[in-house]
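Engineer: Have a peek at coords_12.cif (mmCIF, C-alpha atoms).
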```cif
data_protein
#
loop_
_atom_site.label_atom_id
_atom_site.label_comp_id
_atom_site.auth_asym_id
_atom_site.auth_seq_id
_atom_site.Cartn_x
_atom_site.Cartn_y
_atom_site.Cartn_z
CA MET H 1 13.29 -81.92 -10.79
CA LEU H 2 10.68 -79.91 -12.53
CA ARG H 3 9.89 -76.50 -11.09
CA HIS H 4 6.46 -75.03 -11.32
CA VAL H 5 6.60 -71.32 -12.10
CA ARG H 6 3.59 -69.36 -10.90
CA LYS H 7 2.63 -66.70 -13.36
CA ARG H 8 1.90 -63.24 -11.90
CA ARG H 9 -1.50 -61.98 -12.74
CA ALA H 10 -1.45 -58.47 -14.24
CA PHE H 11 -3.81 -55.72 -13.11
CA THR H 12 -7.06 -55.72 -14.91
CA LEU H 13 -8.25 -52.52 -16.54
CA ILE H 14 -10.90 -52.07 -13.86
CA GLU H 15 -8.35 -52.47 -11.07
CA LEU H 16 -6.05 -49.93 -12.72
CA LEU H 17 -8.86 -47.44 -13.06
CA VAL H 18 -9.80 -47.93 -9.40
CA VAL H 19 -6.23 -47.23 -8.32
CA ILE H 20 -6.09 -44.09 -10.47
CA ALA H 21 -9.40 -42.92 -9.04
CA ILE H 22 -8.15 -43.43 -5.47
CA ILE H 23 -4.99 -41.46 -6.22
CA ALA H 24 -7.04 -38.65 -7.77
CA ILE H 25 -9.29 -38.50 -4.71
CA LEU H 26 -6.27 -38.35 -2.39
CA VAL H 27 -4.72 -35.53 -4.44
CA ALA H 28 -8.03 -33.64 -4.40
CA LEU H 29 -8.17 -34.00 -0.62
CA LEU H 30 -4.55 -33.06 -0.01
CA LEU H 31 -4.20 -30.15 -2.45
CA PRO H 32 -6.41 -27.69 -0.51
CA ALA H 33 -4.55 -28.58 2.68
CA VAL H 34 -1.21 -27.93 0.98
CA GLN H 35 -2.48 -24.64 -0.42
CA GLN H 36 -3.78 -23.59 2.98
CA ALA H 37 -0.44 -24.45 4.56
CA ARG H 38 1.39 -22.37 1.97
CA GLU H 39 -0.94 -19.42 2.45
CA ALA H 40 -0.52 -19.70 6.21
CA ALA H 41 3.25 -19.49 5.73
CA ARG H 42 2.91 -16.51 3.40
CA ARG H 43 0.58 -14.79 5.82
CA THR H 44 3.07 -15.34 8.64
CA GLN H 45 5.84 -13.86 6.49
CA CYS H 46 3.70 -10.83 5.69
CA LYS H 47 3.11 -10.28 9.38
CA SER H 48 6.84 -10.64 10.02
CA ASN H 49 7.62 -8.05 7.34
CA LEU H 50 5.41 -5.51 9.08
CA LYS H 51 6.91 -6.43 12.44
CA GLN H 52 10.40 -5.68 11.12
CA LEU H 53 9.10 -2.42 9.71
CA GLY H 54 7.80 -1.57 13.16
CA ILE H 55 11.22 -2.21 14.68
CA GLY H 56 12.74 0.05 12.05
CA LEU H 57 10.27 2.82 12.88
CA ALA H 58 11.05 2.54 16.58
CA ASN H 59 14.80 2.74 15.95
CA TYR H 60 14.35 5.70 13.61
CA HIS H 61 12.30 7.47 16.27
CA ASP H 62 14.97 6.79 18.90
CA VAL H 63 17.60 8.46 16.70
CA ASN H 64 15.54 11.32 15.28
CA GLN H 65 12.93 11.88 18.01
CA GLN H 66 10.12 11.50 15.47
CA LEU H 67 8.98 9.17 12.71
CA PRO H 68 10.18 9.72 9.13
CA PRO H 69 8.06 12.14 7.09
CA GLY H 70 5.52 10.40 4.89
CA ASP H 71 6.96 12.12 1.84
CA ILE H 72 9.51 14.86 1.31
CA SER H 73 9.11 17.65 -1.21
CA ALA H 74 6.43 16.01 -3.30
CA ASN H 75 4.98 18.51 -5.73
CA ARG H 76 1.54 17.66 -4.37
CA VAL H 77 2.35 19.69 -1.28
CA ARG H 78 5.05 22.03 -2.52
CA GLY H 79 2.64 23.75 -4.91
CA ILE H 80 5.40 24.68 -7.36
CA THR H 81 3.98 26.07 -10.58
CA TYR H 82 5.03 24.83 -13.98
CA THR H 83 4.12 26.61 -17.19
CA ALA H 84 4.14 25.62 -20.81
CA GLY H 85 7.61 26.11 -22.26
CA ASN H 86 9.23 25.83 -18.84
CA ASP H 87 8.90 22.17 -17.99
CA VAL H 88 12.00 21.68 -15.85
CA GLY H 89 11.10 20.70 -12.30
CA SER H 90 12.43 22.60 -9.33
CA GLU H 91 15.28 20.98 -7.43
CA ASP H 92 12.99 21.20 -4.40
CA VAL H 93 10.72 18.51 -5.83
CA LYS H 94 12.07 15.15 -4.67
CA ASN H 95 9.12 12.78 -4.02
CA HIS H 96 11.13 10.91 -1.37
CA THR H 97 9.17 8.57 0.92
CA ALA H 98 9.36 7.36 4.51
CA LEU H 99 10.38 3.88 3.34
CA LEU H 100 13.34 5.45 1.57
CA LEU H 101 14.46 7.03 4.83
CA LEU H 102 13.90 3.78 6.75
CA LEU H 103 16.34 1.74 4.65
CA PRO H 104 19.22 1.83 7.19
CA TYR H 105 16.83 0.67 9.92
CA VAL H 106 15.53 -2.37 8.01
CA ASP H 107 18.87 -3.96 7.05
CA GLN H 108 19.19 -1.99 3.81
CA ALA H 109 22.05 0.35 4.75
CA THR H 110 24.09 -0.56 1.67
CA LEU H 111 21.21 0.35 -0.61
CA TYR H 112 20.66 3.57 1.35
CA GLN H 113 24.24 4.60 0.63
CA GLU H 114 23.49 4.44 -3.10
CA ILE H 115 20.75 7.06 -2.85
CA ASP H 116 21.54 10.56 -4.06
CA PHE H 117 19.08 12.63 -2.04
CA ASP H 118 19.77 15.67 -4.20
CA GLN H 119 17.82 13.98 -6.97
CA ALA H 120 14.14 13.18 -7.19
CA THR H 121 13.06 9.56 -7.00
CA GLY H 122 10.31 9.96 -9.59
CA ILE H 123 8.75 12.32 -12.09
CA ALA H 124 8.66 15.69 -10.39
CA CYS H 125 5.02 16.67 -10.82
CA HIS H 126 1.68 15.76 -12.28
CA GLY H 127 -0.73 17.28 -14.75
CA ALA H 128 -4.19 18.74 -14.77
CA ASN H 129 -5.42 18.14 -11.23
CA LEU H 130 -3.76 21.20 -9.68
CA GLY H 131 -3.43 23.21 -12.85
CA VAL H 132 0.17 22.07 -13.18
CA ASN H 133 1.52 21.76 -16.71
CA PRO H 134 -1.77 22.51 -18.46
CA THR H 135 -0.28 21.22 -21.71
CA GLY H 136 0.20 17.79 -20.13
CA ALA H 137 3.95 17.68 -20.75
CA TRP H 138 6.01 16.07 -17.99
CA ALA H 139 8.05 18.33 -15.76
CA THR H 140 11.16 16.44 -14.81
CA ASN H 141 14.49 16.81 -13.15
CA PRO H 142 17.27 15.91 -15.60
CA ASN H 143 18.04 12.68 -13.76
CA ASN H 144 14.98 12.06 -11.68
CA VAL H 145 13.86 8.72 -13.13
CA GLY H 146 15.35 6.11 -10.84
CA LEU H 147 18.29 8.35 -9.91
CA ASP H 148 20.20 7.07 -12.94
CA GLY H 149 18.64 8.88 -15.86
CA PRO H 150 15.60 8.08 -17.99
CA GLY H 151 15.49 4.49 -19.16
CA GLY H 152 17.90 3.16 -16.55
CA GLU H 153 17.21 -0.09 -14.75
CA ASP H 154 20.13 -0.45 -12.35
CA GLY H 155 19.49 2.46 -9.98
CA PRO H 156 18.72 1.89 -6.30
CA VAL H 157 15.00 2.65 -6.60
CA HIS H 158 14.67 -0.18 -9.12
CA LYS H 159 15.58 -2.74 -6.48
CA VAL H 160 13.03 -5.28 -5.29
CA ILE H 161 13.02 -5.42 -1.47
CA ALA H 162 11.37 -8.61 -0.25
CA GLY H 163 10.64 -7.10 3.15
CA PHE H 164 8.43 -4.46 1.54
CA LEU H 165 6.27 -7.03 -0.27
CA CYS H 166 3.47 -9.35 0.82
CA PRO H 167 4.32 -12.84 -0.52
CA SER H 168 0.61 -13.57 -1.04
CA ASP H 169 0.25 -10.80 -3.61
CA SER H 170 0.47 -12.34 -7.07
CA VAL H 171 1.63 -9.12 -8.74
CA THR H 172 5.42 -9.14 -9.10
CA GLY H 173 8.12 -7.35 -11.06
CA LEU H 174 8.97 -3.67 -11.27
CA LEU H 175 6.27 -1.03 -11.35
CA THR H 176 5.66 1.31 -14.25
CA ARG H 177 2.77 3.74 -13.92
CA PRO H 178 2.22 5.51 -17.25
CA ASP H 179 -0.10 8.02 -15.64
CA ALA H 180 -0.84 11.05 -17.77
CA ARG H 181 -2.49 13.00 -14.94
CA HIS H 182 -0.38 12.24 -11.89
CA TYR H 183 3.08 10.99 -10.98
CA HIS H 184 4.64 8.72 -13.58
CA THR H 185 6.82 5.86 -12.30
CA GLU H 186 9.32 4.00 -14.45
CA ARG H 187 10.32 0.45 -13.36
CA HIS H 188 10.35 1.04 -9.62
CA GLY H 189 10.43 -1.48 -6.80
CA ARG H 190 6.95 -2.10 -5.40
CA THR H 191 5.60 -2.11 -1.87
CA ASN H 192 2.48 -3.52 -0.22
CA TYR H 193 2.93 -1.54 3.00
CA LEU H 194 1.48 1.96 3.06
CA MET H 195 1.54 4.71 5.68
CA ALA H 196 -1.54 5.61 7.69
CA GLY H 197 -2.70 9.03 6.56
CA GLY H 198 -5.91 9.45 8.56
CA SER H 199 -8.35 11.35 6.37
CA ARG H 200 -5.73 13.70 4.94
CA GLY H 201 -2.87 11.50 3.79
CA TRP H 202 -3.01 12.07 0.07
CA SER H 203 -6.05 14.18 -0.63
CA THR H 204 -4.78 17.73 -0.23
CA ASN H 205 -1.75 19.81 -1.07
CA ARG H 206 -1.24 20.75 2.58
CA SER H 207 1.52 19.58 4.87
CA TRP H 208 1.05 17.16 7.75
CA MET H 209 1.59 20.02 10.22
CA PHE H 210 -1.19 22.08 8.62
CA HIS H 211 -3.74 19.44 9.61
CA ALA H 212 -2.87 19.40 13.31
CA ASN H 213 -6.39 20.50 14.22
CA SER H 214 -8.33 19.29 11.20
CA THR H 215 -11.57 17.48 12.02
CA ARG H 216 -14.18 15.32 10.31
CA ILE H 217 -17.60 14.09 11.27
CA MET H 218 -17.70 10.36 11.95
CA PRO H 219 -19.26 7.97 9.40
CA ASN H 220 -22.31 7.23 11.53
CA GLY H 221 -23.03 10.87 12.29
CA GLY H 222 -21.07 11.26 15.50
CA PRO H 223 -19.32 14.44 16.63
CA ARG H 224 -16.36 15.86 14.78
CA VAL H 225 -12.99 14.44 15.82
CA ARG H 226 -9.42 15.20 14.88
CA ASP H 227 -8.66 13.09 11.84
CA ARG H 228 -4.90 13.35 11.37
CA GLY H 229 -3.00 10.10 10.90
CA MET H 230 0.57 9.28 11.86
CA PHE H 231 2.05 10.26 8.47
CA GLY H 232 1.54 12.95 5.87
CA HIS H 233 3.17 15.37 3.46
CA GLN H 234 6.39 16.81 4.89
CA GLY H 235 5.86 15.35 8.35
CA ALA H 236 5.02 12.54 10.74
CA ALA H 237 4.23 11.94 14.38
CA ARG H 238 6.24 11.63 17.53
CA VAL H 239 5.18 9.11 20.12
CA ARG H 240 3.81 11.89 22.31
CA ASP H 241 1.53 12.99 19.43
CA MET H 242 -0.36 9.69 19.67
CA SER H 243 -2.69 10.89 22.38
CA ASP H 244 -5.02 7.92 21.86
CA GLY H 245 -2.12 5.61 22.69
CA SER H 246 0.30 3.99 20.28
CA SER H 247 -1.43 0.62 20.66
CA ASN H 248 -4.68 2.20 19.42
CA THR H 249 -3.20 3.92 16.37
CA ILE H 250 -2.41 2.43 12.96
CA ALA H 251 1.04 3.20 11.57
CA PHE H 252 1.11 1.15 8.35
CA GLY H 253 -1.53 -0.83 6.48
CA GLU H 254 -1.36 -3.49 3.84
CA ALA H 255 -2.57 -2.87 0.28
CA ARG H 256 -2.65 -5.04 -2.82
CA GLN H 257 -0.80 -4.05 -5.95
CA ALA H 258 -3.70 -4.91 -8.27
CA ILE H 259 -5.85 -1.96 -7.27
CA GLY H 260 -6.87 1.26 -8.92
CA ARG H 261 -9.71 2.96 -10.67
CA ASP H 262 -9.87 0.60 -13.65
CA THR H 263 -8.95 -2.83 -12.35
CA VAL H 264 -10.94 -5.15 -14.57
CA PRO H 265 -11.23 -8.79 -13.42
CA GLY H 266 -8.35 -10.72 -14.94
CA ILE H 267 -6.42 -7.58 -15.90
CA VAL H 268 -3.81 -6.00 -13.65
CA ASN H 269 -4.01 -2.23 -13.64
CA THR H 270 -1.28 -0.43 -11.72
CA SER H 271 -2.60 3.11 -11.96
CA HIS H 272 -2.51 3.39 -8.18
CA SER H 273 -0.01 0.72 -7.19
CA ALA H 274 2.75 1.85 -4.86
CA ALA H 275 6.52 2.19 -5.16
CA TRP H 276 8.66 2.15 -2.03
CA ALA H 277 11.01 4.98 -3.03
CA ALA H 278 8.82 7.47 -4.89
CA TYR H 279 5.71 9.33 -3.80
CA THR H 280 2.89 8.74 -6.25
CA TRP H 281 -0.54 10.27 -5.76
CA VAL H 282 -3.21 8.00 -4.20
CA SER H 283 -0.68 5.24 -3.60
CA ASN H 284 1.60 5.68 -0.62
CA TYR H 285 -1.06 6.11 2.07
CA VAL H 286 -3.95 4.11 3.42
CA VAL H 287 -6.72 6.45 4.46
CA THR H 288 -10.26 6.53 5.73
CA HIS H 289 -12.76 9.14 4.58
CA PRO H 290 -15.78 9.04 6.88
CA ASN H 291 -17.98 11.44 5.01
CA ARG H 292 -21.73 10.95 4.97
CA ASN H 293 -22.28 11.78 1.32
CA ALA H 294 -23.05 10.03 -1.93
CA ASN H 295 -19.49 10.10 -3.21
CA HIS H 296 -18.15 8.12 -0.26
CA ASN H 297 -21.33 6.18 0.48
CA ASN H 298 -20.83 6.11 4.25
CA ASN H 299 -17.13 5.32 3.91
CA VAL H 300 -17.54 2.01 2.07
CA ARG H 301 -15.15 3.22 -0.60
CA TYR H 302 -12.19 3.54 1.76
CA HIS H 303 -12.97 0.65 4.05
CA ILE H 304 -10.75 -2.45 4.27
CA ASN H 305 -11.04 -4.27 0.93
CA GLY H 306 -13.61 -1.65 -0.03
CA PRO H 307 -14.52 -1.20 -3.70
CA ARG H 308 -14.20 2.03 -5.54
CA ASP H 309 -17.63 1.67 -7.08
CA THR H 310 -20.78 0.43 -5.34
CA PRO H 311 -24.48 0.49 -6.21
CA GLY H 312 -25.96 3.89 -5.42
CA MET H 313 -22.65 5.70 -5.14
CA ALA H 314 -22.51 8.90 -7.16
CA GLY H 315 -20.29 8.57 -10.19
CA SER H 316 -19.88 4.82 -9.88
CA ALA H 317 -18.96 2.81 -12.93
CA ALA H 318 -20.19 -0.72 -13.48
CA VAL H 319 -19.54 -2.48 -10.18
CA SER H 320 -17.99 -5.49 -11.92
CA ARG H 321 -15.21 -3.34 -13.37
CA VAL H 322 -13.42 -2.09 -10.32
CA ARG H 323 -11.86 -3.83 -7.34
CA HIS H 324 -10.29 -1.53 -4.71
CA HIS H 325 -9.88 2.21 -4.65
CA GLY H 326 -6.44 3.73 -4.34
CA GLY H 327 -5.66 4.55 -0.72
CA THR H 328 -7.71 1.58 0.48
CA ALA H 329 -6.25 -1.04 2.80
CA SER H 330 -6.59 -4.42 1.14
CA SER H 331 -4.87 -7.78 0.96
CA ALA H 332 -4.68 -11.13 -0.77
CA HIS H 333 -5.44 -12.76 2.59
CA THR H 334 -9.02 -13.83 3.13
CA GLY H 335 -11.25 -11.59 5.24
CA GLY H 336 -9.10 -8.56 6.01
CA ALA H 337 -5.59 -7.13 6.03
CA HIS H 338 -2.55 -6.73 8.28
CA PHE H 339 -1.85 -3.47 10.08
CA LEU H 340 1.19 -2.27 12.00
CA MET H 341 0.22 -0.38 15.13
CA GLY H 342 2.16 2.47 16.66
CA ASP H 343 3.53 0.27 19.43
CA GLY H 344 5.00 -2.21 16.95
CA ALA H 345 2.28 -4.85 17.26
CA VAL H 346 0.84 -6.31 14.04
CA LYS H 347 -2.92 -6.85 13.94
CA PHE H 348 -5.11 -8.53 11.35
CA LEU H 349 -8.23 -6.40 11.05
CA ASN H 350 -11.42 -7.95 9.75
CA GLU H 351 -12.82 -6.26 6.65
CA ASN H 352 -16.18 -6.06 8.43
CA ILE H 353 -14.85 -3.92 11.27
CA GLY H 354 -17.19 -1.01 12.02
CA VAL H 355 -16.51 2.12 10.02
CA ASP H 356 -16.32 4.30 13.13
CA GLN H 357 -14.02 1.86 14.89
CA TYR H 358 -11.73 1.69 11.87
CA ALA H 359 -11.61 5.50 11.70
CA TYR H 360 -10.73 5.74 15.40
CA LEU H 361 -7.79 3.40 14.78
CA MET H 362 -6.63 5.46 11.81
CA TYR H 363 -6.73 8.75 13.74
CA MET H 364 -4.06 9.23 16.39
CA GLY H 365 -5.71 12.06 18.35
CA ASP H 366 -9.46 11.71 18.03
CA GLY H 367 -9.96 11.31 21.77
CA GLU H 368 -11.93 8.09 21.31
CA LEU H 369 -10.84 4.56 22.08
CA PRO H 370 -11.74 1.94 19.48
CA GLY H 371 -12.56 -0.86 21.92
CA ASP H 372 -11.67 -4.47 21.13
CA PHE H 373 -10.51 -5.06 17.58
#
```
Before we go any further, please render this structure as structure tokens.

Structural biologist:
Amino acid sequence: MLRHVRKRRAFTLIELLVVIAIIAILVALLLPAVQQAREAARRTQCKSNLKQLGIGLANYHDVNQQLPPGDISANRVRGITYTAGNDVGSEDVKNHTALLLLLPYVDQATLYQEIDFDQATGIACHGANLGVNPTGAWATNPNNVGLDGPGGEDGPVHKVIAGFLCPSDSVTGLLTRPDARHYHTERHGRTNYLMAGGSRGWSTNRSWMFHANSTRIMPNGGPRVRDRGMFGHQGAARVRDMSDGSSNTIAFGEARQAIGRDTVPGIVNTSHSAAWAAYTWVSNYVVTHPNRNANHNNNVRYHINGPRDTPGMAGSAAVSRVRHHGGTASSAHTGGAHFLMGDGAVKFLNENIGVDQYAYLMYMGDGELPGDF
């Protein structure tokens, strides 16, 4: 018996092109959804990181009856004088940070045990800004770079701690800040979570206690209010110091790594990026400066995701050059940034929040309630 074999008809070129086009359209439709899902997961993880940090702060407070000092023995506040020909830093200069002290309370007890607190965690001092080292030479402790000597890469401060990093931030790897005027950092672990310094967190060489009664006028011309934040040089708050209520006071804010005075689009500049173990000027604190003057342009400079340079601001460079100012809360998330409140809650604050309202949240004893946020 003869069998008739039916030949299979191959796809025509037009049919093949139609199939490819359909697949391309489906990929184009699905890719944004996948990216959004991934960003949602990263955003959730970032929020969780801050939540765990809040638990660590609460446990630290339970043990020590106050929060960890924002920084310990940073030369910015110690005021130790260095002269040409005598460039060895005092043993009092340590540059230790609150995150360093929090290690045992955020599941990093083993790393904490590796820290030698008799050594500095970074270069001991900076250059011209306070008349320190007028020759520009670095003043260093013999072993103050990473606690394991200059050039080392295996010391505890070189460790990357995932819980101190926002997974949405594209900047990774260890931080080196070759800063000729301020605190140099050599291959340190980064952090995206910075302490709330009110209006005084990094800008003066005074201790946190000194600013107990410091005041500033509000951005929109309101009366002077106390402008101290929860953290500062050589000190930090107790729960009872938060007279506005812990739920109305920011403890930590999020900040991108790719910030600084000269962040050109497409080029990562780390001049003011933050390390978790070492105090570095204009890096470890988020602040708000509600001054009605040209230099701060009604606080736009220090607002959430605020630029360093804006049209009409005195001393501004080309606006296209610079992204965010050091000390500014910012994030890779669209529309705002995460903040840890004093009661342990994590809030996402819109970048368009009112400047007065944002300042009230940053200050722990201004006597004003911020309202809904």

Engineer: Would you please work out which residue, of H:Gly245, H:Gly122, H:Gly70, H:Pro370, is nearest to H:Leu101 when using all atoms listed in the file?

Structural biologist: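 Ranked by minimum distance to H:Leu101, first place goes to H:Gly70.
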
Engineer: Just the residues within 10 Å of H:Gly222, please, counting all atoms listed in the file, with nothing from its chain fewer than 5 positions along; format it as number ranges by chain.

Structural biologist: H: 216-217, 356

Engineer: Can you translate the PyMOL selection byres ((chain H and resi 283) around 9) into the concrete residues it hits in this file, as number ranges by chain?

Structural biologist: H: 194, 202, 271-275, 279-282, 284-286, 326-328

Engineer: Leaving out H:Ser247 and any residue of its chain fewer than 4 positions from it, which residues lie within 7 Å of it when counting all atoms listed in the file, given as a PDB file with C-alpha atoms, keeping the file's coordinate frame?

Structural biologist:
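This is the output file out-v8.pdb:
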```pdb
ATOM      1  CA  MET H 341       0.220  -0.380  15.130  1.00  0.00           C
ATOM      2  CA  GLY H 342       2.160   2.470  16.660  1.00  0.00           C
ATOM      3  CA  ASP H 343       3.530   0.270  19.430  1.00  0.00           C
TER       4      ASP H 343
END
```

Engineer: Please indicate the distance in Å from atom CA of H:Tyr360 to atom CA of H:His211, rounded to one decimal place.

Structural biologist: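 Computing the Euclidean distance for atom CA of H:Tyr360 and atom CA of H:His211 yields 16.4 Å.
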
Engineer: Atom CA of H:Gln357 and atom CA of H:Gln66, how far apart in Å?

Structural biologist: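 It comes out at 26.0 Å.
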
Engineer: Report as a CSV table (one decimal) with C-alpha atoms, in the coordinates of the input the residues that result from applying the PyMOL selection byres ((chain H and resi 157-174) around 6) to the structure here.

Structural biologist:
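Dumped everything to expr02.csv:
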```csv
chain,number,residue,atom,x,y,z
H,42,ARG,CA,2.9,-16.5,3.4
H,46,CYS,CA,3.7,-10.8,5.7
H,49,ASN,CA,7.6,-8.0,7.3
H,146,GLY,CA,15.4,6.1,-10.8
H,155,GLY,CA,19.5,2.5,-10.0
H,156,PRO,CA,18.7,1.9,-6.3
H,175,LEU,CA,6.3,-1.0,-11.4
H,187,ARG,CA,10.3,0.4,-13.4
H,188,HIS,CA,10.4,1.0,-9.6
H,189,GLY,CA,10.4,-1.5,-6.8
H,191,THR,CA,5.6,-2.1,-1.9
H,192,ASN,CA,2.5,-3.5,-0.2
H,277,ALA,CA,11.0,5.0,-3.0
H,332,ALA,CA,-4.7,-11.1,-0.8
```
